[in-house]
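Here's query.txt, which has compact mmCIF, C-alpha atoms:
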```txt
# COMPACT_ATOMS: atom_id res chain seq x y z
CA MET A 299 39.89 -47.90 -27.93
CA THR A 300 36.37 -46.87 -27.12
CA ILE A 301 35.58 -43.55 -25.55
CA GLY A 302 34.48 -44.05 -21.97
CA LEU A 303 33.30 -41.84 -19.18
CA GLU A 304 36.89 -41.23 -18.14
CA HIS A 305 37.74 -39.42 -21.39
CA TYR A 306 34.85 -37.00 -21.05
CA LEU A 307 35.64 -36.38 -17.39
CA ILE A 308 39.25 -35.56 -18.21
CA VAL A 309 38.18 -33.07 -20.87
CA SER A 310 35.81 -31.56 -18.32
CA VAL A 311 38.52 -31.27 -15.67
CA VAL A 312 40.97 -29.64 -18.07
CA LEU A 313 38.33 -27.18 -19.23
CA PHE A 314 37.48 -26.35 -15.61
CA CYS A 315 41.14 -25.70 -14.89
CA LEU A 316 41.38 -23.43 -17.93
CA GLY A 317 38.47 -21.39 -16.60
CA LEU A 318 40.14 -21.21 -13.20
CA LEU A 319 43.37 -20.13 -14.88
CA GLY A 320 41.46 -17.33 -16.60
CA VAL A 321 40.11 -16.09 -13.28
CA ILE A 322 43.60 -16.24 -11.76
CA ILE A 323 45.76 -14.64 -14.44
CA ARG A 324 43.46 -12.12 -16.13
CA ARG A 325 42.76 -8.82 -14.41
CA ASN A 326 39.90 -7.70 -16.61
CA LEU A 327 36.48 -8.28 -15.04
CA ILE A 328 34.83 -9.28 -18.32
CA VAL A 329 37.47 -11.87 -19.19
CA MET A 330 37.28 -13.18 -15.63
CA TYR A 331 33.56 -13.63 -16.22
CA MET A 332 34.33 -15.62 -19.36
CA GLY A 333 36.51 -17.87 -17.20
CA LEU A 334 33.52 -18.41 -14.92
CA GLU A 335 31.44 -19.39 -17.94
CA LEU A 336 34.09 -21.91 -18.96
CA MET A 337 33.98 -23.46 -15.48
CA LEU A 338 30.17 -23.73 -15.60
CA ASN A 339 30.41 -25.37 -19.02
CA ALA A 340 32.95 -27.86 -17.75
CA ALA A 341 30.54 -28.86 -14.97
CA ASN A 342 27.79 -29.20 -17.57
CA LEU A 343 29.94 -31.51 -19.67
CA ALA A 344 30.67 -33.74 -16.68
CA LEU A 345 26.96 -33.92 -15.81
CA VAL A 346 25.94 -34.80 -19.37
CA ALA A 347 28.66 -37.45 -19.55
CA PHE A 348 27.50 -39.04 -16.28
CA SER A 349 23.90 -38.90 -17.48
CA HIS A 350 24.85 -40.64 -20.74
CA PHE A 351 26.84 -43.43 -19.16
CA ARG A 352 24.23 -44.09 -16.47
CA ASP A 353 21.28 -44.24 -18.92
CA ASN A 354 19.57 -41.66 -16.76
CA LEU A 355 18.15 -38.32 -17.86
CA ASP A 356 18.28 -36.52 -14.50
CA GLY A 357 21.72 -35.15 -15.28
CA GLN A 358 20.49 -33.55 -18.48
CA VAL A 359 17.62 -31.84 -16.64
CA MET A 360 20.19 -30.51 -14.17
CA VAL A 361 22.28 -29.13 -17.04
CA PHE A 362 19.19 -27.46 -18.48
CA PHE A 363 18.68 -25.64 -15.17
CA ILE A 364 22.37 -24.75 -14.93
CA ILE A 365 22.28 -23.17 -18.39
CA THR A 366 19.24 -21.09 -17.42
CA VAL A 367 20.73 -19.94 -14.13
CA ALA A 368 24.04 -19.16 -15.86
CA ALA A 369 22.24 -16.95 -18.37
CA ALA A 370 20.51 -15.04 -15.55
CA GLU A 371 23.81 -14.79 -13.67
CA VAL A 372 25.61 -13.37 -16.71
CA ALA A 373 22.88 -10.78 -17.23
CA VAL A 374 23.02 -9.54 -13.64
CA GLY A 375 26.82 -9.75 -13.46
CA LEU A 376 27.34 -7.73 -16.60
CA ALA A 377 24.84 -5.12 -15.40
CA LEU A 378 26.90 -4.89 -12.20
CA ILE A 379 30.11 -4.47 -14.22
CA VAL A 380 28.55 -1.66 -16.24
CA ALA A 381 27.33 0.04 -13.05
CA LEU A 382 30.81 -0.31 -11.53
CA TYR A 383 32.41 1.10 -14.67
CA ARG A 384 30.13 4.13 -14.51
CA LYS A 385 31.21 4.84 -10.94
CA ARG A 386 34.93 4.09 -11.17
CA GLN A 387 35.75 4.40 -14.90
CA THR A 388 37.66 1.12 -14.86
CA ASN A 389 36.98 -2.59 -15.05
CA ASP A 390 40.40 -3.79 -14.05
CA VAL A 391 40.53 -5.48 -10.65
CA THR A 392 43.95 -4.03 -9.79
CA ASP A 393 42.38 -0.57 -9.85
CA LEU A 394 39.36 -1.57 -7.76
CA THR A 395 41.08 -1.61 -4.39
CA SER A 396 39.13 0.84 -2.28
CA MET A 397 39.57 -1.28 0.86
CA LYS A 398 43.36 -1.40 0.59
CA LEU A 399 45.19 0.67 3.19
CA MET B 191 34.21 -42.64 -36.30
CA GLN B 192 32.91 -41.63 -32.87
CA GLU B 193 36.40 -41.78 -31.44
CA ILE B 194 37.82 -39.47 -34.11
CA LEU B 195 34.96 -37.01 -33.64
CA PHE B 196 35.46 -37.07 -29.89
CA TYR B 197 39.15 -36.25 -30.23
CA ILE B 198 38.50 -33.49 -32.77
CA PHE B 199 35.77 -31.82 -30.69
CA SER B 200 37.60 -32.10 -27.38
CA ALA B 201 40.84 -30.79 -28.87
CA LEU B 202 38.93 -27.84 -30.36
CA THR B 203 37.16 -27.18 -27.06
CA LEU B 204 40.36 -27.19 -25.04
CA LEU B 205 42.38 -25.18 -27.56
CA CYS B 206 39.74 -22.47 -27.87
CA GLY B 207 39.24 -22.52 -24.10
CA LEU B 208 42.94 -21.85 -23.64
CA LEU B 209 42.82 -19.03 -26.17
CA VAL B 210 39.91 -17.44 -24.29
CA VAL B 211 41.96 -17.03 -21.14
CA PHE B 212 45.52 -16.87 -22.45
CA ASN B 213 46.01 -15.54 -25.94
CA PRO B 214 49.63 -14.57 -26.64
CA PHE B 215 48.69 -12.49 -29.68
CA SER B 216 45.84 -10.36 -28.43
CA ARG B 217 44.51 -9.16 -25.11
CA ASN B 218 41.37 -7.75 -26.61
CA PRO B 219 38.23 -9.00 -24.77
CA VAL B 220 36.44 -9.21 -28.14
CA THR B 221 38.90 -11.90 -29.26
CA SER B 222 38.26 -13.77 -26.03
CA ALA B 223 34.51 -13.58 -26.63
CA MET B 224 34.91 -14.96 -30.16
CA PHE B 225 36.98 -17.88 -28.92
CA LEU B 226 34.34 -18.46 -26.25
CA VAL B 227 31.80 -18.89 -29.08
CA LEU B 228 34.06 -21.48 -30.71
CA THR B 229 34.45 -23.29 -27.38
CA ILE B 230 30.68 -23.38 -26.90
CA ILE B 231 30.05 -24.68 -30.41
CA SER B 232 32.62 -27.48 -30.21
CA MET B 233 31.27 -28.35 -26.80
CA SER B 234 27.79 -28.75 -28.23
CA GLY B 235 29.42 -31.17 -30.68
CA LEU B 236 30.51 -33.19 -27.64
CA PHE B 237 26.91 -33.03 -26.37
CA VAL B 238 25.72 -34.50 -29.67
CA LEU B 239 28.23 -37.33 -29.28
CA LEU B 240 26.74 -37.94 -25.82
CA LYS B 241 23.27 -38.12 -27.43
CA ALA B 242 22.07 -34.98 -25.63
CA PHE B 243 20.62 -33.40 -28.76
CA PHE B 244 18.26 -31.03 -26.98
CA LEU B 245 21.03 -29.69 -24.77
CA ALA B 246 23.31 -29.23 -27.78
CA ALA B 247 20.65 -27.03 -29.38
CA VAL B 248 20.00 -25.13 -26.13
CA GLN B 249 23.72 -24.64 -25.63
CA ILE B 250 24.11 -22.96 -29.03
CA LEU B 251 20.90 -20.94 -28.68
CA VAL B 252 21.50 -19.65 -25.17
CA TYR B 253 25.29 -19.31 -25.06
CA ALA B 254 26.29 -18.50 -28.62
CA GLY B 255 23.05 -16.62 -29.24
CA ALA B 256 22.33 -14.71 -26.05
CA VAL B 257 25.23 -14.74 -23.60
CA ILE B 258 27.93 -13.85 -26.11
CA VAL B 259 25.82 -11.06 -27.58
CA LEU B 260 25.43 -9.71 -24.05
CA PHE B 261 29.20 -9.90 -23.53
CA LEU B 262 29.85 -8.06 -26.78
CA PHE B 263 27.33 -5.35 -25.90
CA VAL B 264 29.02 -4.76 -22.56
CA ILE B 265 32.50 -4.77 -24.14
CA MET B 266 31.20 -2.14 -26.55
CA LEU B 267 30.10 0.03 -23.61
CA LEU B 268 33.47 -0.19 -21.87
CA ASP B 269 36.98 0.90 -22.75
CA VAL B 270 38.86 -1.91 -24.48
CA LYS B 271 42.01 0.08 -25.28
CA ASP B 272 42.96 0.12 -21.62
CA GLU B 273 43.16 -3.68 -21.48
CA GLU B 274 45.44 -3.86 -24.51
CA ARG B 275 47.97 -1.56 -22.90
CA ARG B 276 48.44 -3.83 -19.90
CA ARG B 277 50.80 -6.81 -19.90
CA TYR B 278 50.53 -10.17 -18.22
CA GLN B 279 52.31 -10.17 -14.87
CA LYS B 280 54.97 -12.80 -15.48
CA PHE B 281 55.20 -14.13 -11.94
CA GLY B 282 51.43 -14.29 -11.50
CA THR B 283 50.95 -16.06 -14.82
CA PHE B 284 53.63 -18.62 -14.00
CA LEU B 285 52.19 -19.28 -10.55
CA GLY B 286 48.68 -19.55 -11.98
CA PHE B 287 49.79 -22.11 -14.56
CA ALA B 288 51.65 -24.12 -11.92
CA ALA B 289 48.74 -24.13 -9.45
CA VAL B 290 46.17 -25.04 -12.08
CA THR B 291 48.34 -27.81 -13.56
CA GLY B 292 48.73 -29.28 -10.09
CA LEU B 293 44.99 -29.20 -9.53
CA ALA B 294 44.31 -30.84 -12.91
CA MET B 295 46.85 -33.60 -12.21
CA LEU B 296 45.27 -34.25 -8.83
CA ILE B 297 41.72 -34.58 -10.15
CA ILE B 298 42.73 -36.62 -13.22
CA ASN B 299 44.62 -39.05 -11.00
CA THR B 300 41.58 -39.36 -8.75
CA ILE B 301 39.34 -40.09 -11.74
CA LYS B 302 41.76 -42.72 -13.05
CA GLN B 303 42.00 -44.48 -9.71
CA SER B 304 38.27 -44.39 -8.95
CA GLY B 305 37.39 -46.73 -11.84
CA VAL B 306 34.16 -44.94 -12.78
CA SER B 307 34.83 -45.76 -16.41
CA GLN B 308 34.48 -49.48 -15.73
CA ALA B 309 31.56 -49.08 -13.33
CA LEU B 310 29.33 -47.00 -15.61
CA THR B 311 29.01 -48.22 -19.18
CA GLY B 312 25.57 -47.14 -20.31
CA ASP B 313 24.70 -46.19 -23.85
CA GLY B 314 22.54 -43.15 -23.19
CA VAL B 315 18.94 -42.29 -23.97
CA ALA B 316 18.85 -40.90 -27.48
CA GLU B 317 15.43 -39.29 -27.27
CA THR B 318 14.24 -35.83 -26.32
CA LYS B 319 10.69 -36.88 -25.44
CA PRO B 320 11.54 -38.49 -22.05
CA LEU B 321 13.55 -35.40 -21.18
CA GLY B 322 10.56 -33.16 -21.78
CA LYS B 323 8.33 -35.49 -19.78
CA LEU B 324 10.78 -35.45 -16.90
CA LEU B 325 11.02 -31.68 -17.04
CA PHE B 326 7.27 -31.20 -16.77
CA THR B 327 6.49 -33.91 -14.21
CA ASP B 328 9.26 -34.67 -11.71
CA TYR B 329 11.00 -31.35 -12.14
CA LEU B 330 7.98 -29.09 -12.52
CA LEU B 331 8.61 -27.10 -9.33
CA PRO B 332 12.29 -26.32 -10.10
CA PHE B 333 11.21 -25.39 -13.62
CA GLU B 334 8.75 -22.80 -12.30
CA ILE B 335 11.27 -21.51 -9.77
CA VAL B 336 13.79 -21.02 -12.56
CA SER B 337 11.25 -19.02 -14.53
CA ILE B 338 10.77 -16.76 -11.50
CA LEU B 339 14.55 -16.48 -11.22
CA LEU B 340 14.70 -15.24 -14.81
CA LEU B 341 12.06 -12.60 -14.01
CA VAL B 342 14.04 -11.51 -10.95
CA ALA B 343 17.23 -11.30 -13.02
CA MET B 344 15.43 -9.15 -15.59
CA VAL B 345 14.14 -6.75 -12.95
CA GLY B 346 17.57 -6.67 -11.32
CA CYS B 347 19.26 -5.80 -14.60
CA ILE B 348 16.89 -2.93 -15.27
CA LEU B 349 17.33 -1.62 -11.74
CA LEU B 350 21.13 -1.86 -11.87
CA SER B 351 21.63 -0.31 -15.27
CA LYS B 352 19.15 2.52 -14.74
CA ARG B 353 20.80 5.87 -14.17
CA GLU B 354 19.97 7.45 -10.85
CA GLU B 355 17.75 10.33 -11.89
CA THR B 356 17.55 12.03 -8.51
CA ALA B 357 21.31 12.03 -7.89
CA GLU B 358 21.96 13.52 -11.32
CA ALA B 359 19.33 16.20 -10.86
CA GLU B 360 20.93 17.18 -7.57
CA ALA B 361 24.37 17.34 -9.16
CA GLU B 362 23.10 19.76 -11.76
```
Encoding of this model in structure tokens:
Amino acid sequence: MTIGLEHYLIVSVVLFCLGLLGVIIRRNLIVMYMGLELMLNAANLALVAFSHFRDNLDGQVMVFFIITVAAAEVAVGLALIVALYRKRQTNDVTDLTSMKL
Amino acid sequence: MQEILFYIFSALTLLCGLLVVFNPFSRNPVTSAMFLVLTIISMSGLFVLLKAFFLAAVQILVYAGAVIVLFLFVIMLLDVKDEERRRYQKFGTFLGFAAVTGLAMLIINTIKQSGVSQALTGDGVAETKPLGKLLFTDYLLPFEIVSILLLVAMVGCILLSKREETAEAEAE
């Protein structure tokens, strides 16, 4: 059985759901960020798979931009986490509830 | 051969991805970061199978090389012991698994019914040269905008991680 687009898309969907699961069940900001990275990577995989099976390179260019933006996003996000940790001495979301009554 | 490689790489990707978010043996963020590296590397194997050689190289360089190092630096700055003391909330974990499984089932069913696999059966462009040409002709403007975005991110990082000198001087 040859590997078609469907196989790659299913891997991508499962990986996306794993990233989502990480954001849902983990309470540590850094690990939640890793879940976000997994979701971005799943989207990248889907785009590359579409690009391959359509004989079209636009998808790969898109993935190139996504990787760049993700790197910038990680840099800023982690700087924010460090700043937050300095102020509150925690990076667990259950402790960061200053708006809770 | 391609089929076997696909199954090996995708199984590795999914297994390591699961261990990033849900590792029954360790809650240490460093372990998660290491499994994230493995996920990224096996995923670049999938990119090679899809004939996206340039992206496979970029994936390893940027993610395994830069992003993970950044994660590890930040983990080093923060308190990891605190995370190890906490436990998974059983109800939340169960609900999360249930919700995410439902979502996965839904999307997989949609993919199976849509018939994309039969509609698109290309063989891919196995060269990097057209990609570079595309990047510097059709996509020149986005390329430049992304470079500005990187500059902005750099400035933002410096601004965010700088200690506030005036506030500290006042506190003293």
Checklist entry - So how far away is atom CA of B:Phe212 from atom CA of B:Leu296, in Å? => result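 It comes out at 22.1 Å.
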Checklist entry - If we count all atoms listed in the file, what is near stretch 374-391 of chain A at a cut-off of 6 Å, once residues fewer than 6 positions away on the same chain are taken out, given as a PyMOL selection string? => result (chain A and resi 325-327) or (chain B and resi 347+351)
How about saving the chosen residues, C-alpha atoms kept, as a PDB file, in the coordinates of the input?
```pdb
ATOM      1  CA  ARG A 325      42.760  -8.820 -14.410  1.00  0.00           C
ATOM      2  CA  ASN A 326      39.900  -7.700 -16.610  1.00  0.00           C
ATOM      3  CA  LEU A 327      36.480  -8.280 -15.040  1.00  0.00           C
TER       4      LEU A 327
ATOM      5  CA  CYS B 347      19.260  -5.800 -14.600  1.00  0.00           C
ATOM      6  CA  SER B 351      21.630  -0.310 -15.270  1.00  0.00           C
TER       7      SER B 351
END
```
Item to check | Length of the atom CA of B:Val336 to atom CA of B:Thr318 vector [Å] | outcome: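 According to the coordinates, atom CA of B:Val336 and atom CA of B:Thr318 are separated by 20.2 Å.
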Checklist entry - For A:Ile301, which residue out of A:Val372, A:Cys315, A:Ala347, A:Ile364 is the nearest one, using only C-alpha atoms? => result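 Distance minimum relative to A:Ile301 lands on A:Ala347.
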Checklist entry - So which one's closest to chain B, A:Met397, A:Phe351, A:Val321, A:Leu345? Using all atoms listed in the file, please. => result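 Among the listed residues, A:Phe351 lies closest to chain B.
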Item to check | Residues of chain A within 8 Å of chain B, all atoms listed in the file counted, as a ChimeraX atom specification | outcome: /A:299-304,307-309,311-313,315-320,322-324,326,328-329,332-333,336,343,346-347,349-356,358-359,361-363,365-367,369-374,376-378,380-381,383,388,390
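Between atom CA of B:Phe225 and atom CA of A:Met330 the separation is 14.1 Å.
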